[in-house]
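**Q** As input, take target01.cif (mmCIF, C-alpha atoms and all ligand atoms):
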```cif
data_my_file
loop_
_atom_site.group_PDB
_atom_site.id
_atom_site.type_symbol
_atom_site.label_atom_id
_atom_site.label_comp_id
_atom_site.auth_asym_id
_atom_site.auth_seq_id
_atom_site.Cartn_x
_atom_site.Cartn_y
_atom_site.Cartn_z
ATOM 1 C CA MET A 1421 -70.146 -114.836 42.628
ATOM 2 C CA LYS A 1422 -66.750 -116.129 41.556
ATOM 3 C CA LYS A 1423 -63.775 -113.845 41.549
ATOM 4 C CA ARG A 1424 -63.730 -111.490 38.622
ATOM 5 C CA CYS A 1425 -60.834 -111.641 36.210
ATOM 6 C CA SER A 1426 -60.524 -107.906 35.562
ATOM 7 C CA ILE A 1427 -58.006 -105.725 37.319
ATOM 8 C CA ILE A 1428 -58.522 -106.181 41.006
ATOM 9 C CA THR A 1429 -57.629 -103.252 43.172
ATOM 10 C CA THR A 1430 -57.719 -103.083 46.909
ATOM 11 C CA VAL A 1431 -59.780 -100.370 48.501
ATOM 12 C CA ALA A 1432 -56.719 -98.966 50.230
ATOM 13 C CA ALA A 1433 -54.843 -98.548 46.974
ATOM 14 C CA LEU A 1434 -57.707 -96.607 45.466
ATOM 15 C CA SER A 1435 -57.455 -93.548 47.645
ATOM 16 C CA ALA A 1436 -54.907 -91.836 45.405
ATOM 17 C CA LEU A 1437 -57.159 -92.335 42.417
ATOM 18 C CA LEU A 1438 -60.128 -90.971 44.330
ATOM 19 C CA LEU A 1439 -58.261 -87.795 45.161
ATOM 20 C CA SER A 1440 -57.438 -87.258 41.512
ATOM 21 C CA LEU A 1441 -61.032 -87.910 40.475
ATOM 22 C CA SER A 1442 -62.608 -85.622 43.031
ATOM 23 C CA GLY A 1443 -61.147 -82.619 41.235
ATOM 24 C CA ILE A 1444 -62.934 -83.586 38.036
ATOM 25 C CA THR A 1445 -66.301 -84.464 39.452
ATOM 26 C CA SER A 1446 -66.892 -82.334 42.525
ATOM 27 C CA GLY A 1447 -69.510 -79.648 42.391
ATOM 28 C CA SER A 1448 -71.456 -81.032 39.450
ATOM 29 C CA PRO A 1449 -75.037 -81.815 40.467
ATOM 30 C CA ALA A 1450 -75.581 -83.951 37.390
ATOM 31 C CA GLY A 1451 -73.299 -86.177 35.345
ATOM 32 C CA PRO A 1452 -71.777 -85.406 31.941
ATOM 33 C CA SER A 1453 -75.119 -86.185 30.263
ATOM 34 C CA GLY A 1454 -76.864 -83.483 32.291
ATOM 35 C CA LYS A 1455 -79.056 -86.113 33.936
ATOM 36 C CA VAL A 1456 -79.259 -87.086 37.584
ATOM 37 C CA GLN A 1457 -76.893 -90.047 37.854
ATOM 38 C CA ILE A 1458 -78.052 -92.833 40.154
ATOM 39 C CA VAL A 1459 -75.798 -95.823 40.717
ATOM 40 C CA ALA A 1460 -77.395 -99.012 42.059
ATOM 41 C CA THR A 1461 -74.877 -101.426 43.540
ATOM 42 C CA PHE A 1462 -76.188 -104.712 42.136
ATOM 43 C CA PHE A 1463 -78.964 -106.261 40.069
ATOM 44 C CA PRO A 1464 -82.038 -106.440 42.370
ATOM 45 C CA ILE A 1465 -81.460 -102.888 43.627
ATOM 46 C CA TYR A 1466 -81.067 -101.740 40.013
ATOM 47 C CA LEU A 1467 -84.320 -103.433 39.013
ATOM 48 C CA PHE A 1468 -86.190 -101.768 41.904
ATOM 49 C CA VAL A 1469 -84.789 -98.319 41.048
ATOM 50 C CA GLU A 1470 -85.526 -98.766 37.346
ATOM 51 C CA ASN A 1471 -89.176 -99.303 38.286
ATOM 52 C CA ILE A 1472 -89.237 -96.319 40.656
ATOM 53 C CA ALA A 1473 -87.581 -93.948 38.145
ATOM 54 C CA SER A 1474 -89.441 -95.333 35.135
ATOM 55 C CA GLY A 1475 -90.483 -92.682 32.604
ATOM 56 C CA ILE A 1476 -88.376 -89.912 34.190
ATOM 57 C CA SER A 1477 -86.030 -88.998 31.346
ATOM 58 C CA ASP A 1478 -83.851 -86.734 33.527
ATOM 59 C CA ILE A 1479 -82.777 -89.644 35.705
ATOM 60 C CA GLU A 1480 -80.206 -92.165 34.566
ATOM 61 C CA VAL A 1481 -79.834 -95.377 36.548
ATOM 62 C CA THR A 1482 -76.695 -97.459 36.112
ATOM 63 C CA LEU A 1483 -75.423 -100.651 37.652
ATOM 64 C CA LEU A 1484 -72.153 -100.874 39.535
ATOM 65 C CA LEU A 1485 -71.702 -104.648 39.296
ATOM 66 C CA PRO A 1486 -72.356 -106.455 36.014
ATOM 67 C CA ALA A 1487 -76.021 -107.553 35.860
ATOM 68 C CA GLY A 1488 -75.033 -111.222 35.761
ATOM 69 C CA TYR A 1489 -72.587 -111.108 38.668
ATOM 70 C CA GLY A 1490 -74.850 -112.018 41.603
ATOM 71 C CA CYS A 1491 -74.269 -110.832 45.179
ATOM 72 C CA PRO A 1492 -71.358 -108.436 45.749
ATOM 73 C CA HIS A 1493 -69.944 -110.546 48.651
ATOM 74 C CA ASP A 1494 -66.531 -110.989 47.069
ATOM 75 C CA PHE A 1495 -66.660 -108.257 44.456
ATOM 76 C CA SER A 1496 -63.484 -106.236 43.974
ATOM 77 C CA LEU A 1497 -63.785 -102.826 42.408
ATOM 78 C CA ALA A 1498 -61.801 -101.985 39.315
ATOM 79 C CA PRO A 1499 -60.731 -98.328 38.837
ATOM 80 C CA GLU A 1500 -63.635 -97.705 36.437
ATOM 81 C CA ASP A 1501 -66.081 -98.869 39.131
ATOM 82 C CA VAL A 1502 -64.612 -96.400 41.607
ATOM 83 C CA LYS A 1503 -65.004 -93.658 39.026
ATOM 84 C CA LYS A 1504 -68.664 -94.611 38.573
ATOM 85 C CA VAL A 1505 -69.273 -94.345 42.327
ATOM 86 C CA HIS A 1506 -67.634 -90.952 42.516
ATOM 87 C CA GLN A 1507 -69.464 -89.541 39.535
ATOM 88 C CA ALA A 1508 -72.846 -90.605 40.881
ATOM 89 C CA ASP A 1509 -75.215 -88.076 42.400
ATOM 90 C CA ILE A 1510 -76.973 -90.759 44.414
ATOM 91 C CA ILE A 1511 -75.841 -94.263 45.349
ATOM 92 C CA ILE A 1512 -78.395 -96.892 46.304
ATOM 93 C CA GLN A 1513 -77.184 -99.925 48.205
ATOM 94 C CA ASP A 1514 -78.670 -102.984 49.895
ATOM 95 C CA GLY A 1515 -76.773 -102.458 53.160
ATOM 96 C CA LEU A 1516 -76.274 -104.947 56.069
ATOM 97 C CA GLY A 1517 -72.725 -105.608 54.871
ATOM 98 C CA MET A 1518 -73.699 -106.656 51.337
ATOM 99 C CA GLU A 1519 -71.424 -103.978 49.833
ATOM 100 C CA PRO A 1520 -68.273 -104.216 51.966
ATOM 101 C CA PHE A 1521 -66.357 -101.958 49.563
ATOM 102 C CA LEU A 1522 -68.601 -98.901 49.949
ATOM 103 C CA PRO A 1523 -67.888 -97.689 53.493
ATOM 104 C CA ASP A 1524 -64.190 -97.182 52.720
ATOM 105 C CA LEU A 1525 -64.884 -95.449 49.440
ATOM 106 C CA LEU A 1526 -67.356 -93.033 50.938
ATOM 107 C CA LYS A 1527 -65.855 -92.144 54.281
ATOM 108 C CA PRO A 1528 -66.923 -88.677 55.412
ATOM 109 C CA GLY A 1529 -64.414 -86.096 54.318
ATOM 110 C CA ARG A 1530 -63.492 -87.846 51.096
ATOM 111 C CA ARG A 1531 -66.538 -86.773 49.196
ATOM 112 C CA GLU A 1532 -70.021 -86.296 50.553
ATOM 113 C CA LYS A 1533 -72.340 -88.642 48.765
ATOM 114 C CA ARG A 1534 -76.028 -89.150 48.998
ATOM 115 C CA ILE A 1535 -76.552 -92.779 49.858
ATOM 116 C CA ILE A 1536 -79.817 -94.630 50.157
ATOM 117 C CA THR A 1537 -79.725 -97.899 52.100
ATOM 118 C CA ALA A 1538 -82.643 -100.046 50.986
ATOM 119 C CA SER A 1539 -82.546 -102.310 54.049
ATOM 120 C CA ASP A 1540 -82.931 -99.453 56.558
ATOM 121 C CA GLY A 1541 -85.373 -100.247 59.356
ATOM 122 C CA VAL A 1542 -86.094 -103.864 58.445
ATOM 123 C CA GLU A 1543 -86.069 -106.669 60.962
ATOM 124 C CA ALA A 1544 -82.757 -108.247 60.012
ATOM 125 C CA ILE A 1545 -81.894 -111.908 60.509
ATOM 126 C CA MET A 1546 -78.548 -112.774 62.090
ATOM 127 C CA ALA A 1547 -76.212 -114.542 59.655
ATOM 128 C CA LYS A 1548 -76.186 -118.030 61.103
ATOM 129 C CA PHE A 1549 -74.320 -119.983 58.426
ATOM 130 C CA ARG A 1550 -71.708 -117.633 57.044
ATOM 131 C CA GLU A 1551 -68.162 -117.781 58.266
ATOM 132 C CA THR A 1552 -66.913 -114.237 58.564
ATOM 133 C CA GLY A 1553 -65.507 -113.490 55.148
ATOM 134 C CA GLU A 1554 -62.232 -111.636 54.853
ATOM 135 C CA HIS A 1555 -63.935 -108.754 53.057
ATOM 136 C CA LEU A 1556 -66.592 -108.384 55.705
ATOM 137 C CA HIS A 1557 -64.520 -107.894 58.820
ATOM 138 C CA ASP A 1558 -64.475 -104.134 59.065
ATOM 139 C CA THR A 1559 -67.980 -103.256 57.893
ATOM 140 C CA GLY A 1560 -69.464 -103.735 61.363
ATOM 141 C CA THR A 1561 -72.630 -105.193 59.850
ATOM 142 C CA PHE A 1562 -71.428 -108.596 58.665
ATOM 143 C CA GLN A 1563 -73.348 -110.333 61.422
ATOM 144 C CA TYR A 1564 -76.629 -109.831 59.550
ATOM 145 C CA ASN A 1565 -77.972 -111.677 56.571
ATOM 146 C CA PRO A 1566 -78.247 -109.047 53.798
ATOM 147 C CA HIS A 1567 -80.424 -111.032 51.319
ATOM 148 C CA LEU A 1568 -83.702 -109.204 51.860
ATOM 149 C CA PHE A 1569 -84.376 -108.849 48.148
ATOM 150 C CA ALA A 1570 -85.047 -112.585 47.730
ATOM 151 C CA SER A 1571 -88.331 -112.304 49.657
ATOM 152 C CA PRO A 1572 -91.175 -110.434 47.894
ATOM 153 C CA ARG A 1573 -92.340 -109.084 51.260
ATOM 154 C CA GLU A 1574 -88.936 -107.538 52.031
ATOM 155 C CA ALA A 1575 -88.532 -106.428 48.406
ATOM 156 C CA ALA A 1576 -91.730 -104.384 48.803
ATOM 157 C CA ARG A 1577 -90.268 -102.777 51.938
ATOM 158 C CA MET A 1578 -87.011 -101.976 50.168
ATOM 159 C CA VAL A 1579 -88.967 -100.342 47.360
ATOM 160 C CA ALA A 1580 -90.884 -98.255 49.936
ATOM 161 C CA ASN A 1581 -87.570 -97.157 51.514
ATOM 162 C CA ILE A 1582 -85.956 -96.239 48.211
ATOM 163 C CA THR A 1583 -89.080 -94.412 47.039
ATOM 164 C CA ALA A 1584 -89.334 -92.268 50.172
ATOM 165 C CA SER A 1585 -85.634 -91.320 50.191
ATOM 166 C CA LEU A 1586 -85.448 -90.673 46.476
ATOM 167 C CA ALA A 1587 -88.564 -88.461 46.505
ATOM 168 C CA GLU A 1588 -87.001 -86.433 49.304
ATOM 169 C CA MET A 1589 -83.644 -86.068 47.546
ATOM 170 C CA LEU A 1590 -85.166 -85.210 44.172
ATOM 171 C CA PRO A 1591 -88.168 -82.962 44.938
ATOM 172 C CA ALA A 1592 -88.524 -81.925 41.289
ATOM 173 C CA TYR A 1593 -89.452 -85.521 40.407
ATOM 174 C CA ALA A 1594 -91.077 -86.502 43.702
ATOM 175 C CA GLU A 1595 -94.598 -86.856 42.362
ATOM 176 C CA LYS A 1596 -93.667 -89.312 39.599
ATOM 177 C CA ILE A 1597 -91.242 -91.179 41.876
ATOM 178 C CA LYS A 1598 -93.988 -91.697 44.471
ATOM 179 C CA GLU A 1599 -96.528 -92.744 41.855
ATOM 180 C CA ASN A 1600 -94.138 -95.301 40.334
ATOM 181 C CA GLY A 1601 -92.860 -96.485 43.705
ATOM 182 C CA ASP A 1602 -96.343 -96.956 45.157
ATOM 183 C CA ASN A 1603 -97.493 -98.882 42.076
ATOM 184 C CA TYR A 1604 -94.460 -101.142 42.140
ATOM 185 C CA ARG A 1605 -94.745 -101.732 45.877
ATOM 186 C CA ALA A 1606 -98.415 -102.675 45.444
ATOM 187 C CA ARG A 1607 -97.436 -105.213 42.749
ATOM 188 C CA LEU A 1608 -94.795 -106.727 45.036
ATOM 189 C CA GLU A 1609 -97.234 -106.858 47.950
ATOM 190 C CA LYS A 1610 -99.710 -108.708 45.742
ATOM 191 C CA LEU A 1611 -96.941 -111.163 44.843
ATOM 192 C CA SER A 1612 -96.175 -111.536 48.545
ATOM 193 C CA ARG A 1613 -99.823 -112.391 49.300
ATOM 194 C CA GLU A 1614 -99.722 -115.042 46.569
ATOM 195 C CA PHE A 1615 -96.642 -116.560 48.219
ATOM 196 C CA ALA A 1616 -98.271 -116.503 51.678
ATOM 197 C CA ASP A 1617 -101.562 -117.997 50.438
ATOM 198 C CA SER A 1618 -99.950 -120.704 48.303
ATOM 199 C CA LEU A 1619 -97.408 -121.821 50.893
ATOM 200 C CA LYS A 1620 -99.819 -122.373 53.800
ATOM 201 C CA ASN A 1621 -99.843 -125.825 55.425
ATOM 202 C CA LEU A 1622 -96.687 -127.219 53.854
ATOM 203 C CA LYS A 1623 -96.285 -130.976 53.975
ATOM 204 C CA ASN A 1624 -92.563 -130.695 54.729
ATOM 205 C CA ASN A 1625 -90.899 -127.293 55.199
ATOM 206 C CA ARG A 1626 -87.240 -128.272 55.721
ATOM 207 C CA VAL A 1627 -84.840 -127.421 52.895
ATOM 208 C CA ILE A 1628 -81.142 -127.120 52.049
ATOM 209 C CA THR A 1629 -79.911 -124.271 49.817
ATOM 210 C CA VAL A 1630 -76.585 -123.357 48.230
ATOM 211 C CA HIS A 1631 -75.870 -120.084 49.990
ATOM 212 C CA GLU A 1632 -77.736 -118.122 52.636
ATOM 213 C CA VAL A 1633 -79.870 -116.238 50.149
ATOM 214 C CA PHE A 1634 -83.343 -117.646 50.955
ATOM 215 C CA GLU A 1635 -83.550 -117.087 54.709
ATOM 216 C CA TYR A 1636 -85.887 -114.090 54.490
ATOM 217 C CA MET A 1637 -88.097 -115.911 51.999
ATOM 218 C CA GLY A 1638 -88.192 -118.882 54.378
ATOM 219 C CA ARG A 1639 -88.993 -116.697 57.381
ATOM 220 C CA ASP A 1640 -91.729 -114.795 55.560
ATOM 221 C CA TYR A 1641 -93.470 -117.814 53.988
ATOM 222 C CA GLY A 1642 -92.924 -120.610 56.474
ATOM 223 C CA PHE A 1643 -90.085 -122.846 55.350
ATOM 224 C CA GLU A 1644 -86.852 -123.513 57.175
ATOM 225 C CA ILE A 1645 -83.334 -123.451 55.731
ATOM 226 C CA LEU A 1646 -81.720 -126.277 57.705
ATOM 227 C CA ASP A 1647 -78.295 -125.856 56.191
ATOM 228 C CA ILE A 1648 -76.408 -124.439 53.230
ATOM 229 C CA ILE A 1649 -73.904 -126.098 50.900
ATOM 230 C CA GLU A 1650 -71.460 -123.210 50.511
ATOM 231 C CA LYS A 1651 -70.461 -121.738 53.851
ATOM 232 C CA GLU A 1652 -68.487 -119.181 51.913
ATOM 233 C CA ALA A 1653 -69.984 -117.920 48.657
ATOM 234 C CA GLY A 1654 -68.589 -119.703 45.612
ATOM 235 C CA GLN A 1655 -66.710 -122.340 47.621
ATOM 236 C CA GLU A 1656 -67.730 -125.990 47.324
ATOM 237 C CA PRO A 1657 -67.831 -127.983 50.592
ATOM 238 C CA SER A 1658 -65.059 -130.293 51.737
ATOM 239 C CA ALA A 1659 -65.560 -134.085 51.763
ATOM 240 C CA ARG A 1660 -66.259 -133.922 55.484
ATOM 241 C CA GLU A 1661 -68.859 -131.166 55.082
ATOM 242 C CA MET A 1662 -70.496 -133.222 52.316
ATOM 243 C CA MET A 1663 -70.736 -136.204 54.669
ATOM 244 C CA ASN A 1664 -72.290 -134.052 57.403
ATOM 245 C CA LEU A 1665 -74.798 -132.609 54.952
ATOM 246 C CA ALA A 1666 -75.770 -136.060 53.680
ATOM 247 C CA GLN A 1667 -76.240 -137.245 57.245
ATOM 248 C CA ARG A 1668 -78.454 -134.267 58.091
ATOM 249 C CA ILE A 1669 -80.544 -134.738 54.977
ATOM 250 C CA ARG A 1670 -81.247 -138.349 55.997
ATOM 251 C CA SER A 1671 -81.768 -137.869 59.734
ATOM 252 C CA GLU A 1672 -83.865 -134.694 59.532
ATOM 253 C CA LYS A 1673 -85.989 -135.757 56.573
ATOM 254 C CA VAL A 1674 -85.277 -132.753 54.372
ATOM 255 C CA ALA A 1675 -87.886 -132.067 51.668
ATOM 256 C CA ALA A 1676 -85.730 -130.602 48.911
ATOM 257 C CA LEU A 1677 -82.444 -129.080 47.897
ATOM 258 C CA PHE A 1678 -82.486 -125.774 46.046
ATOM 259 C CA ASN A 1679 -79.694 -124.914 43.645
ATOM 260 C CA GLU A 1680 -79.239 -121.313 42.426
ATOM 261 C CA PRO A 1681 -78.412 -120.021 38.963
ATOM 262 C CA GLN A 1682 -75.979 -117.455 40.428
ATOM 263 C CA TYR A 1683 -74.152 -119.910 42.676
ATOM 264 C CA LEU A 1684 -74.661 -123.079 40.702
ATOM 265 C CA SER A 1685 -73.317 -125.801 42.948
ATOM 266 C CA LYS A 1686 -71.733 -128.737 41.169
ATOM 267 C CA VAL A 1687 -72.129 -130.953 44.211
ATOM 268 C CA ALA A 1688 -75.874 -130.293 44.677
ATOM 269 C CA GLY A 1689 -76.732 -133.001 42.136
ATOM 270 C CA VAL A 1690 -74.294 -135.458 43.714
ATOM 271 C CA LEU A 1691 -75.705 -134.786 47.167
ATOM 272 C CA GLY A 1692 -79.271 -135.137 45.906
ATOM 273 C CA LYS A 1693 -78.496 -138.444 44.178
ATOM 274 C CA GLU A 1694 -76.671 -139.856 47.160
ATOM 275 C CA THR A 1695 -79.479 -139.038 49.594
ATOM 276 C CA ASN A 1696 -82.391 -139.532 47.202
ATOM 277 C CA LEU A 1697 -83.359 -135.888 47.657
ATOM 278 C CA PRO A 1698 -85.063 -133.930 44.857
ATOM 279 C CA VAL A 1699 -83.008 -130.976 43.584
ATOM 280 C CA PHE A 1700 -84.774 -127.886 42.238
ATOM 281 C CA MET A 1701 -83.623 -124.540 40.875
ATOM 282 C CA LEU A 1702 -84.665 -121.420 42.761
ATOM 283 C CA ASP A 1703 -83.639 -117.981 41.478
ATOM 284 C CA PRO A 1704 -83.239 -115.267 44.157
ATOM 285 C CA VAL A 1705 -82.976 -112.589 41.421
ATOM 286 C CA ALA A 1706 -79.496 -111.688 42.644
ATOM 287 C CA SER A 1707 -78.622 -111.361 38.958
ATOM 288 C CA GLY A 1708 -80.380 -111.068 35.623
ATOM 289 C CA PRO A 1709 -80.115 -109.710 32.084
ATOM 290 C CA PRO A 1710 -78.439 -106.301 31.525
ATOM 291 C CA ASP A 1711 -81.675 -104.764 30.268
ATOM 292 C CA PRO A 1712 -84.419 -106.496 32.268
ATOM 293 C CA PRO A 1713 -88.144 -105.910 31.670
ATOM 294 C CA LEU A 1714 -89.667 -103.964 34.571
ATOM 295 C CA ASP A 1715 -91.679 -106.986 35.736
ATOM 296 C CA TYR A 1716 -88.625 -109.289 35.750
ATOM 297 C CA TYR A 1717 -88.736 -109.796 39.538
ATOM 298 C CA GLU A 1718 -92.403 -110.789 39.502
ATOM 299 C CA LYS A 1719 -91.905 -113.177 36.572
ATOM 300 C CA ILE A 1720 -88.982 -115.004 38.168
ATOM 301 C CA MET A 1721 -90.621 -115.088 41.600
ATOM 302 C CA SER A 1722 -93.827 -116.558 40.137
ATOM 303 C CA GLU A 1723 -91.711 -119.379 38.665
ATOM 304 C CA ASN A 1724 -90.069 -119.816 42.079
ATOM 305 C CA LEU A 1725 -93.474 -120.082 43.711
ATOM 306 C CA LYS A 1726 -94.475 -122.908 41.336
ATOM 307 C CA THR A 1727 -91.212 -124.687 42.223
ATOM 308 C CA LEU A 1728 -91.782 -124.243 45.973
ATOM 309 C CA ILE A 1729 -95.311 -125.642 45.702
ATOM 310 C CA LYS A 1730 -94.001 -128.637 43.779
ATOM 311 C CA ALA A 1731 -91.186 -129.250 46.255
ATOM 312 C CA LEU A 1732 -92.909 -128.637 49.587
ATOM 313 C CA LYS A 1733 -96.644 -129.271 49.287
HETATM 314 ZN ZN ZN B 1 -75.460 -113.605 48.628
#
```
Since I need it in another form, could you write the structure as structure tokens?
Ligand SMILES: [Zn+2]
**A**
Amino acid sequence: MKKRCSIITTVAALSALLLSLSGITSGSPAGPSGKVQIVATFFPIYLFVENIASGISDIEVTLLLPAGYGCPHDFSLAPEDVKKVHQADIIIQDGLGMEPFLPDLLKPGRREKRIITASDGVEAIMAKFRETGEHLHDTGTFQYNPHLFASPREAARMVANITASLAEMLPAYAEKIKENGDNYRARLEKLSREFADSLKNLKNNRVITVHEVFEYMGRDYGFEILDIIEKEAGQEPSAREMMNLAQRIRSEKVAALFNEPQYLSKVAGVLGKETNLPVFMLDPVASGPPDPPLDYYEKIMSENLKTLIKALK
């Protein structure tokens, strides 16, 4: 989301700190609490892992970004975040360039880390709207849209990926991990079927969103993201971009504009008013409360489905 106000440290400047930390943490299979320490990079990943590790008291799952932050696109690590990464036994990330800070932190030779990439093996969409952000240049994966989690179908696949890798890395807990993971995946697949069934035969399937977060949802359930308001996350459009958007909305008969709680666009309302376009709120679950109930994703997505039906049917 927006730039964080805490101490911002560049990845390059962190290497000295990492060297000093490695002496403290290396060689310990579990963290200071004696539990297996899993760090999930941001909220949706955390929520998935919490479900998969539910009821296993020897596993502790923590979040790297604050729960309410949103996508890590422009997140800068503070020294305490770096410490968290280096004390973790397992790190679980989205991948596809969503966490541009991780590759540098975890280069081979610094400290071997067990990383699970939830997006492994999925059919990724090319990022068609995003201008290449300054933080994304050297990840090599910035050309893909990393927002899989905002589609229940892809969320179920991510859960399957995490479950399989985690069961392999933690054989002592594999049985419970698989049981939890399979149950959760089945719940997400059921949610996905509800989306597919409810969004058949849409009256008008063309929408505008704030950032590129709903492309997988659109692909999986049959609506098209014609354009986005913020070409770079957190940045409102220029007057010229506003004019182009308004023109597109009129000429291409867009059905609705979706604002997002994590990237609340101030101009969405203005644009909607000017073009007589209904504006709705759609929550991609990029963020949430610090201690979410295990069915948080399903609850929010069910609300989203009601909104989509109202806007597009
Ligand atoms: Zn995002």
**Q** Give me, as a PyMOL selection string, the set of residues whose atoms come within 10 Å of any atom of ligand ZN 1 (chain B), counting all atoms listed in the file.
**A** chain A and resi 1421+1490-1494+1518+1565-1568+1570+1630-1634+1652-1654+1682-1683+1704+1706
**Q** Ranking A:Leu1608, A:Glu1718, A:Val1687, A:Asp1540 by minimum distance to Ser1658 of chain A and counting all atoms listed in the file, which one comes first?
**A** A:Val1687
**Q** With all atoms listed in the file as the counted atoms, please give the residues lying no more than 10 Å from Tyr1636 of chain A, apart from itself and same-chain residues fewer than 6 positions off, as a ChimeraX atom specification.
**A** /A:1543-1545,1565-1574,1642-1645
**Q** For a test of reading the model, state the distance in Å between atom CA of Glu1480 of chain A and atom CA of Ala1508 of chain A, rounded to one decimal.
**A**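 Result for atom CA of Glu1480 of chain A versus atom CA of Ala1508 of chain A: 9.8 Å, one decimal.
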**Q** Can you work out which one of A:His1506, A:Arg1577, A:Lys1598, A:Lys1548 has the shortest atom-to-atom distance to Ser1474 of chain A, counting all atoms listed in the file?
**A**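 The shortest atom-to-atom distance to Ser1474 of chain A comes from A:Lys1598.
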**Q** Within 10 Å of Ala1594 of chain A, counting all atoms listed in the file, which residues qualify if same-chain residues fewer than 4 places away don't, as a list of chain:residue names?
**A**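 So the residues in contact are A:Ala1473, A:Thr1583, A:Ala1584, A:Ser1585, A:Leu1586, A:Ala1587, A:Glu1588, A:Met1589, A:Leu1590, A:Lys1598, A:Glu1599, A:Asn1600.
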**Q** Can you spit out the residues from that selection as a compact mmCIF listing (two decimals), in the coordinates of the input, using C-alpha atoms?
**A**
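As a result, selection_1.txt now contains:
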```
# COMPACT_ATOMS: atom_id res chain seq x y z
CA ALA A 1473 -87.58 -93.95 38.15
CA THR A 1583 -89.08 -94.41 47.04
CA ALA A 1584 -89.33 -92.27 50.17
CA SER A 1585 -85.63 -91.32 50.19
CA LEU A 1586 -85.45 -90.67 46.48
CA ALA A 1587 -88.56 -88.46 46.50
CA GLU A 1588 -87.00 -86.43 49.30
CA MET A 1589 -83.64 -86.07 47.55
CA LEU A 1590 -85.17 -85.21 44.17
CA LYS A 1598 -93.99 -91.70 44.47
CA GLU A 1599 -96.53 -92.74 41.86
CA ASN A 1600 -94.14 -95.30 40.33
```
**Q** What is the atom CA of Leu1467 of chain A-atom CA of Gly1601 of chain A distance in Å, reported with one decimal?
**A**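 Atom-to-atom, atom CA of Leu1467 of chain A and atom CA of Gly1601 of chain A are spaced 12.0 Å apart.
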**Q** Env of Glu1723 of chain A: 9 Å cut, atoms = all atoms listed in the file, seq-sep filter 5 positions within chain, self excluded. Answer as JSON, numbers by chain.
**A** {"A": [1702, 1703, 1718, 1728]}
**Q** Between atom CA of Tyr1564 of chain A and atom CA of Gly1517 of chain A, what distance in Å does the model show, to one decimal?
**A** 7.4 Å
**Q** Tell me which of A:Ile1472, A:Val1705, A:Leu1725, A:Val1699 sits closest to Ala1487 of chain A, counting all atoms listed in the file.
**A**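 Looking at the shortest contact to Ala1487 of chain A, the residue is A:Val1705.
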**Q** Taking the file as I've supplied it (selection: the PyMOL selection byres (((chain A and resi 1692) around 12) and not hetatm)), which residues are included? Please answer as a ChimeraX atom specification.
**A** /A:1627-1629,1649,1662,1665-1667,1669-1670,1674-1679,1685-1691,1693-1700
**Q** Is there a way to get, as a count of residues only, all residues within 10 Å of the point (-81.7, -103.4, 43.9) in file coordinates, counting all atoms listed in the file?
**A** 24
**Q** Residues within 7 Å of Phe1615 of chain A, please, as a list in words. Count only C-alpha atoms; anything in the same chain fewer than 3 positions from it doesn't count.
**A** Leu1611, Ser1612, Ser1618, Leu1619, Tyr1641 and Leu1725 of chain A
**Q** Keeping only C-alpha atoms, write the selected residues as a short mmCIF file (atom, residue, chain, number, x, y, z; two decimals), in the frame of the given file.
**A**
```
data_model
loop_
_atom_site.label_atom_id
_atom_site.label_comp_id
_atom_site.auth_asym_id
_atom_site.auth_seq_id
_atom_site.Cartn_x
_atom_site.Cartn_y
_atom_site.Cartn_z
CA LEU A 1611 -96.94 -111.16 44.84
CA SER A 1612 -96.18 -111.54 48.54
CA SER A 1618 -99.95 -120.70 48.30
CA LEU A 1619 -97.41 -121.82 50.89
CA TYR A 1641 -93.47 -117.81 53.99
CA LEU A 1725 -93.47 -120.08 43.71
#
```
**Q** Counting only C-alpha atoms, which residue out of A:Leu1526, A:Glu1614, A:Arg1607, A:Glu1661 sits closest to Asp1715 of chain A?
**A** A:Arg1607
**Q** Could you add the missing atoms to segment 1577-1584 of chain A, up to N, CA and C atoms, and return them as a PDB file, in the coordinates of the input?
**A**
```
ATOM      1  N   ARG A1577     -90.744-103.742  50.933  1.00  0.00           N
ATOM      2  CA  ARG A1577     -90.268-102.777  51.938  1.00  0.00           C
ATOM      3  C   ARG A1577     -89.075-101.993  51.422  1.00  0.00           C
ATOM      4  N   MET A1578     -88.179-102.669  50.732  1.00  0.00           N
ATOM      5  CA  MET A1578     -87.011-101.976  50.168  1.00  0.00           C
ATOM      6  C   MET A1578     -87.463-100.920  49.164  1.00  0.00           C
ATOM      7  N   VAL A1579     -88.439-101.279  48.360  1.00  0.00           N
ATOM      8  CA  VAL A1579     -88.967-100.342  47.360  1.00  0.00           C
ATOM      9  C   VAL A1579     -89.585 -99.132  48.066  1.00  0.00           C
ATOM     10  N   ALA A1580     -90.294 -99.367  49.167  1.00  0.00           N
ATOM     11  CA  ALA A1580     -90.884 -98.255  49.936  1.00  0.00           C
ATOM     12  C   ALA A1580     -89.783 -97.340  50.476  1.00  0.00           C
ATOM     13  N   ASN A1581     -88.715 -97.932  50.998  1.00  0.00           N
ATOM     14  CA  ASN A1581     -87.570 -97.157  51.514  1.00  0.00           C
ATOM     15  C   ASN A1581     -86.933 -96.305  50.430  1.00  0.00           C
ATOM     16  N   ILE A1582     -86.634 -96.947  49.302  1.00  0.00           N
ATOM     17  CA  ILE A1582     -85.956 -96.239  48.211  1.00  0.00           C
ATOM     18  C   ILE A1582     -86.849 -95.105  47.698  1.00  0.00           C
ATOM     19  N   THR A1583     -88.135 -95.414  47.551  1.00  0.00           N
ATOM     20  CA  THR A1583     -89.080 -94.412  47.039  1.00  0.00           C
ATOM     21  C   THR A1583     -89.111 -93.173  47.939  1.00  0.00           C
ATOM     22  N   ALA A1584     -89.239 -93.396  49.234  1.00  0.00           N
ATOM     23  CA  ALA A1584     -89.334 -92.268  50.172  1.00  0.00           C
ATOM     24  C   ALA A1584     -88.066 -91.409  50.133  1.00  0.00           C
TER      25      ALA A1584
END
```
